[in-house]
Amino acid sequence: MLKSIHHVAVICSDYAISKKFYTEILGLEVIQEVYRQERHSYKLDLALNGKYVLELFSFPNPPERKSFPEACGLRHLAFEVADINAIIEQLSRFHISAEPLRVDPYTGKKFTFISDPDKLPIEFYEF
């Protein structure tokens, strides 16, 4: 019955900072941005390679996400990349440090993690 994952939704604490992170640093494309007056909230629809993948929301005073230790619920977002070293180098230009490179013991593929502005873990997986 399921065809694919349609999108992932992320609530951010500082909309301008998160919008810049996801669009200017990670390179996601803006599909649509609306301000919902009744919710005092922005909703930003983002695409990757022309495909809708992420909704970025702002809400007044959202509670902090518990990342460490990890809590139940969404663990991380993962993006497939062709060259893990290139993405690490690109992120370093924005002063974003990636965790040490790891190798998946089951697939032999390389991967690493960073955190978004609200400490949501983001994985880059070389495939």
# chains A, B, ... in the order shown; residues from 1 in each chain; ligands from 1

$ residues_around --residues "Val30 (chain A)" --least-positions-apart "4" --cutoff "12 Å" --atoms "only C-alpha atoms" --output "VMD selection string"
chain A and resid 19 to 20 22 to 24 26 34 43 to 56

$ select_by_dssp --residues "region 4-125 of chain A" --states "strand (DSSP E)" --output "PyMOL selection string"
chain A and resi 8-12+29-36+41-48+51-58+77-81+102-103+110-115+121-125

$ write_last_selection --atoms "C-alpha atoms" --output "PDB file, in the first residue's frame"
ATOM      1  CA  VAL A   8       9.942  14.539   6.860  1.00  0.00           C
ATOM      2  CA  ALA A   9       8.853  17.454   9.065  1.00  0.00           C
ATOM      3  CA  VAL A  10      11.269  19.335  11.329  1.00  0.00           C
ATOM      4  CA  ILE A  11      10.353  21.978  13.919  1.00  0.00           C
ATOM      5  CA  CYS A  12      13.106  24.510  14.483  1.00  0.00           C
ATOM      6  CA  GLU A  29      15.573  23.950  -2.823  1.00  0.00           C
ATOM      7  CA  VAL A  30      12.636  26.077  -1.650  1.00  0.00           C
ATOM      8  CA  ILE A  31       9.343  24.905  -3.137  1.00  0.00           C
ATOM      9  CA  GLN A  32       7.038  27.112  -1.102  1.00  0.00           C
ATOM     10  CA  GLU A  33       7.222  29.272   2.008  1.00  0.00           C
ATOM     11  CA  VAL A  34       4.124  30.435   3.858  1.00  0.00           C
ATOM     12  CA  TYR A  35       3.487  32.274   7.093  1.00  0.00           C
ATOM     13  CA  ARG A  36       0.483  30.869   8.927  1.00  0.00           C
ATOM     14  CA  SER A  41       4.369  29.791  12.290  1.00  0.00           C
ATOM     15  CA  TYR A  42       6.328  29.519   9.066  1.00  0.00           C
ATOM     16  CA  LYS A  43       6.088  26.401   6.904  1.00  0.00           C
ATOM     17  CA  LEU A  44       8.874  25.923   4.390  1.00  0.00           C
ATOM     18  CA  ASP A  45       8.597  23.117   1.837  1.00  0.00           C
ATOM     19  CA  LEU A  46      12.007  21.943   0.615  1.00  0.00           C
ATOM     20  CA  ALA A  47      13.108  19.694  -2.236  1.00  0.00           C
ATOM     21  CA  LEU A  48      16.196  17.652  -3.009  1.00  0.00           C
ATOM     22  CA  LYS A  51      11.706  16.027  -5.150  1.00  0.00           C
ATOM     23  CA  TYR A  52       9.763  17.305  -2.139  1.00  0.00           C
ATOM     24  CA  VAL A  53      11.470  15.871   0.963  1.00  0.00           C
ATOM     25  CA  LEU A  54      11.349  18.190   3.985  1.00  0.00           C
ATOM     26  CA  GLU A  55       8.971  20.553   5.756  1.00  0.00           C
ATOM     27  CA  LEU A  56      10.568  23.090   8.085  1.00  0.00           C
ATOM     28  CA  PHE A  57       8.268  24.580  10.715  1.00  0.00           C
ATOM     29  CA  SER A  58       8.671  27.378  13.221  1.00  0.00           C
ATOM     30  CA  LEU A  77      17.765  12.302   8.927  1.00  0.00           C
ATOM     31  CA  ALA A  78      20.031  10.555   6.439  1.00  0.00           C
ATOM     32  CA  PHE A  79      21.142  11.828   3.035  1.00  0.00           C
ATOM     33  CA  GLU A  80      22.802   9.715   0.370  1.00  0.00           C
ATOM     34  CA  VAL A  81      25.984  11.272  -1.031  1.00  0.00           C
ATOM     35  CA  ARG A 102      32.785   5.405  10.103  1.00  0.00           C
ATOM     36  CA  VAL A 103      32.248   2.320   7.968  1.00  0.00           C
ATOM     37  CA  LYS A 110      31.279   5.108   4.711  1.00  0.00           C
ATOM     38  CA  PHE A 111      29.127   7.506   6.720  1.00  0.00           C
ATOM     39  CA  THR A 112      29.314  10.394   9.172  1.00  0.00           C
ATOM     40  CA  PHE A 113      27.028  12.622  11.235  1.00  0.00           C
ATOM     41  CA  ILE A 114      26.607  16.329  11.885  1.00  0.00           C
ATOM     42  CA  SER A 115      23.898  18.187  13.805  1.00  0.00           C
ATOM     43  CA  PRO A 121      21.449  14.430  13.966  1.00  0.00           C
ATOM     44  CA  ILE A 122      21.972  14.354  10.208  1.00  0.00           C
ATOM     45  CA  GLU A 123      23.745  11.436   8.584  1.00  0.00           C
ATOM     46  CA  PHE A 124      25.590  11.477   5.278  1.00  0.00           C
ATOM     47  CA  TYR A 125      25.897   7.982   3.781  1.00  0.00           C
TER      48      TYR A 125
END

$ closest_residue --among "A:Thr107, A:Asn85, A:Tyr15, A:Phe21" --to "Asn61 (chain A)" --atoms "only C-alpha atoms"
A:Tyr15

$ residues_around --residues "Phe68 (chain A)" --least-positions-apart "4" --cutoff "12 Å" --atoms "only C-alpha atoms" --output "count of residues only"
7

$ residues_around --residues "Asp83 (chain A)" --least-positions-apart "3" --cutoff "9 Å" --atoms "only C-alpha atoms" --output "list in words"
Ala86, Ile87, Ile88, Tyr125, Glu126 and Phe127 of chain A

$ select_by_dssp --residues "region 7-78 of chain A" --states "helix (DSSP H, G or I)" --output "PDB file with all heavy atoms, in the first residue's frame"
ATOM      1  N   TYR A  15      13.926  30.045  13.049  1.00  0.00           N
ATOM      2  CA  TYR A  15      13.568  29.792  11.657  1.00  0.00           C
ATOM      3  C   TYR A  15      14.624  30.289  10.678  1.00  0.00           C
ATOM      4  O   TYR A  15      15.012  29.574   9.753  1.00  0.00           O
ATOM      5  CB  TYR A  15      12.203  30.428  11.357  1.00  0.00           C
ATOM      6  CG  TYR A  15      11.732  30.191   9.956  1.00  0.00           C
ATOM      7  CD1 TYR A  15      11.278  28.938   9.557  1.00  0.00           C
ATOM      8  CD2 TYR A  15      11.739  31.214   9.016  1.00  0.00           C
ATOM      9  CE1 TYR A  15      10.846  28.712   8.257  1.00  0.00           C
ATOM     10  CE2 TYR A  15      11.302  30.999   7.719  1.00  0.00           C
ATOM     11  CZ  TYR A  15      10.860  29.747   7.345  1.00  0.00           C
ATOM     12  OH  TYR A  15      10.443  29.527   6.064  1.00  0.00           O
ATOM     13  N   ALA A  16      15.114  31.504  10.870  1.00  0.00           N
ATOM     14  CA  ALA A  16      16.085  32.075   9.929  1.00  0.00           C
ATOM     15  C   ALA A  16      17.365  31.252   9.884  1.00  0.00           C
ATOM     16  O   ALA A  16      17.907  30.985   8.808  1.00  0.00           O
ATOM     17  CB  ALA A  16      16.391  33.524  10.295  1.00  0.00           C
ATOM     18  N   ILE A  17      17.844  30.834  11.035  1.00  0.00           N
ATOM     19  CA  ILE A  17      19.080  30.037  11.093  1.00  0.00           C
ATOM     20  C   ILE A  17      18.866  28.678  10.435  1.00  0.00           C
ATOM     21  O   ILE A  17      19.695  28.216   9.644  1.00  0.00           O
ATOM     22  CB  ILE A  17      19.563  29.890  12.547  1.00  0.00           C
ATOM     23  CG1 ILE A  17      20.104  31.237  13.042  1.00  0.00           C
ATOM     24  CG2 ILE A  17      20.620  28.794  12.677  1.00  0.00           C
ATOM     25  CD1 ILE A  17      20.449  31.268  14.521  1.00  0.00           C
ATOM     26  N   SER A  18      17.753  28.026  10.741  1.00  0.00           N
ATOM     27  CA  SER A  18      17.493  26.706  10.159  1.00  0.00           C
ATOM     28  C   SER A  18      17.224  26.790   8.666  1.00  0.00           C
ATOM     29  O   SER A  18      17.663  25.931   7.895  1.00  0.00           O
ATOM     30  CB  SER A  18      16.324  26.033  10.878  1.00  0.00           C
ATOM     31  OG  SER A  18      16.714  25.681  12.187  1.00  0.00           O
ATOM     32  N   LYS A  19      16.516  27.828   8.235  1.00  0.00           N
ATOM     33  CA  LYS A  19      16.273  28.005   6.800  1.00  0.00           C
ATOM     34  C   LYS A  19      17.609  28.144   6.064  1.00  0.00           C
ATOM     35  O   LYS A  19      17.832  27.504   5.032  1.00  0.00           O
ATOM     36  CB  LYS A  19      15.405  29.235   6.548  1.00  0.00           C
ATOM     37  CG  LYS A  19      15.140  29.500   5.091  1.00  0.00           C
ATOM     38  CD  LYS A  19      14.292  30.752   4.892  1.00  0.00           C
ATOM     39  CE  LYS A  19      14.103  31.060   3.420  1.00  0.00           C
ATOM     40  NZ  LYS A  19      13.321  32.298   3.226  1.00  0.00           N
ATOM     41  N   LYS A  20      18.510  28.956   6.596  1.00  0.00           N
ATOM     42  CA  LYS A  20      19.827  29.129   5.983  1.00  0.00           C
ATOM     43  C   LYS A  20      20.590  27.800   5.959  1.00  0.00           C
ATOM     44  O   LYS A  20      21.192  27.435   4.953  1.00  0.00           O
ATOM     45  CB  LYS A  20      20.633  30.178   6.744  1.00  0.00           C
ATOM     46  CG  LYS A  20      22.011  30.385   6.181  1.00  0.00           C
ATOM     47  CD  LYS A  20      22.782  31.454   6.909  1.00  0.00           C
ATOM     48  CE  LYS A  20      24.165  31.597   6.287  1.00  0.00           C
ATOM     49  NZ  LYS A  20      24.918  32.691   6.861  1.00  0.00           N
ATOM     50  N   PHE A  21      20.555  27.054   7.057  1.00  0.00           N
ATOM     51  CA  PHE A  21      21.259  25.772   7.143  1.00  0.00           C
ATOM     52  C   PHE A  21      20.771  24.807   6.064  1.00  0.00           C
ATOM     53  O   PHE A  21      21.566  24.242   5.314  1.00  0.00           O
ATOM     54  CB  PHE A  21      21.070  25.152   8.536  1.00  0.00           C
ATOM     55  CG  PHE A  21      21.638  23.770   8.666  1.00  0.00           C
ATOM     56  CD1 PHE A  21      22.995  23.587   8.884  1.00  0.00           C
ATOM     57  CD2 PHE A  21      20.825  22.654   8.567  1.00  0.00           C
ATOM     58  CE1 PHE A  21      23.531  22.313   8.992  1.00  0.00           C
ATOM     59  CE2 PHE A  21      21.347  21.374   8.671  1.00  0.00           C
ATOM     60  CZ  PHE A  21      22.701  21.203   8.888  1.00  0.00           C
ATOM     61  N   TYR A  22      19.460  24.609   5.984  1.00  0.00           N
ATOM     62  CA  TYR A  22      18.923  23.617   5.048  1.00  0.00           C
ATOM     63  C   TYR A  22      18.995  24.066   3.590  1.00  0.00           C
ATOM     64  O   TYR A  22      19.126  23.228   2.696  1.00  0.00           O
ATOM     65  CB  TYR A  22      17.489  23.238   5.433  1.00  0.00           C
ATOM     66  CG  TYR A  22      17.457  22.301   6.619  1.00  0.00           C
ATOM     67  CD1 TYR A  22      17.183  22.763   7.895  1.00  0.00           C
ATOM     68  CD2 TYR A  22      17.742  20.946   6.469  1.00  0.00           C
ATOM     69  CE1 TYR A  22      17.176  21.910   8.990  1.00  0.00           C
ATOM     70  CE2 TYR A  22      17.741  20.077   7.548  1.00  0.00           C
ATOM     71  CZ  TYR A  22      17.453  20.567   8.809  1.00  0.00           C
ATOM     72  OH  TYR A  22      17.459  19.710   9.878  1.00  0.00           O
ATOM     73  N   THR A  23      18.934  25.382   3.327  1.00  0.00           N
ATOM     74  CA  THR A  23      18.962  25.841   1.938  1.00  0.00           C
ATOM     75  C   THR A  23      20.359  26.228   1.472  1.00  0.00           C
ATOM     76  O   THR A  23      20.826  25.742   0.449  1.00  0.00           O
ATOM     77  CB  THR A  23      17.996  27.021   1.724  1.00  0.00           C
ATOM     78  OG1 THR A  23      18.357  28.105   2.569  1.00  0.00           O
ATOM     79  CG2 THR A  23      16.556  26.607   1.978  1.00  0.00           C
ATOM     80  N   GLU A  24      21.052  27.068   2.220  1.00  0.00           N
ATOM     81  CA  GLU A  24      22.352  27.560   1.769  1.00  0.00           C
ATOM     82  C   GLU A  24      23.499  26.595   2.058  1.00  0.00           C
ATOM     83  O   GLU A  24      24.450  26.529   1.280  1.00  0.00           O
ATOM     84  CB  GLU A  24      22.640  28.920   2.412  1.00  0.00           C
ATOM     85  CG  GLU A  24      21.668  30.001   1.963  1.00  0.00           C
ATOM     86  CD  GLU A  24      21.936  31.341   2.616  1.00  0.00           C
ATOM     87  OE1 GLU A  24      23.095  31.610   3.010  1.00  0.00           O
ATOM     88  OE2 GLU A  24      20.969  32.121   2.747  1.00  0.00           O
ATOM     89  N   ILE A  25      23.425  25.850   3.143  1.00  0.00           N
ATOM     90  CA  ILE A  25      24.522  24.944   3.489  1.00  0.00           C
ATOM     91  C   ILE A  25      24.288  23.556   2.889  1.00  0.00           C
ATOM     92  O   ILE A  25      25.155  23.013   2.214  1.00  0.00           O
ATOM     93  CB  ILE A  25      24.731  24.893   5.012  1.00  0.00           C
ATOM     94  CG1 ILE A  25      25.180  26.278   5.507  1.00  0.00           C
ATOM     95  CG2 ILE A  25      25.750  23.812   5.391  1.00  0.00           C
ATOM     96  CD1 ILE A  25      25.267  26.431   7.003  1.00  0.00           C
ATOM     97  N   GLN A  37      -0.525  32.822   9.917  1.00  0.00           N
ATOM     98  CA  GLN A  37      -0.806  33.817  10.951  1.00  0.00           C
ATOM     99  C   GLN A  37      -1.483  33.197  12.172  1.00  0.00           C
ATOM    100  O   GLN A  37      -1.127  33.503  13.315  1.00  0.00           O
ATOM    101  CB  GLN A  37      -1.689  34.939  10.372  1.00  0.00           C
ATOM    102  CG  GLN A  37      -2.013  36.039  11.368  1.00  0.00           C
ATOM    103  CD  GLN A  37      -0.789  36.830  11.795  1.00  0.00           C
ATOM    104  OE1 GLN A  37       0.075  37.139  10.990  1.00  0.00           O
ATOM    105  NE2 GLN A  37      -0.709  37.134  13.078  1.00  0.00           N
ATOM    106  N   GLU A  38      -2.460  32.312  11.943  1.00  0.00           N
ATOM    107  CA  GLU A  38      -3.211  31.725  13.051  1.00  0.00           C
ATOM    108  C   GLU A  38      -2.340  30.886  13.986  1.00  0.00           C
ATOM    109  O   GLU A  38      -2.672  30.681  15.138  1.00  0.00           O
ATOM    110  CB  GLU A  38      -4.395  30.891  12.533  1.00  0.00           C
ATOM    111  CG  GLU A  38      -4.029  29.581  11.841  1.00  0.00           C
ATOM    112  CD  GLU A  38      -3.506  29.712  10.404  1.00  0.00           C
ATOM    113  OE1 GLU A  38      -3.397  30.854   9.888  1.00  0.00           O
ATOM    114  OE2 GLU A  38      -3.177  28.674   9.808  1.00  0.00           O
ATOM    115  N   ARG A  39      -1.200  30.390  13.479  1.00  0.00           N
ATOM    116  CA  ARG A  39      -0.276  29.578  14.283  1.00  0.00           C
ATOM    117  C   ARG A  39       1.002  30.317  14.637  1.00  0.00           C
ATOM    118  O   ARG A  39       1.869  29.751  15.285  1.00  0.00           O
ATOM    119  CB  ARG A  39       0.083  28.300  13.532  1.00  0.00           C
ATOM    120  CG  ARG A  39      -1.074  27.376  13.342  1.00  0.00           C
ATOM    121  CD  ARG A  39      -0.588  26.125  12.662  1.00  0.00           C
ATOM    122  NE  ARG A  39      -1.633  25.125  12.675  1.00  0.00           N
ATOM    123  CZ  ARG A  39      -1.419  23.847  12.500  1.00  0.00           C
ATOM    124  NH1 ARG A  39      -0.207  23.395  12.309  1.00  0.00           N
ATOM    125  NH2 ARG A  39      -2.412  22.999  12.506  1.00  0.00           N
TER     126      ARG A  39
END

$ atom_distance --atom1 "CA of Gly73 (chain A)" --atom2 "CA of Met1 (chain A)"
23.2 Å
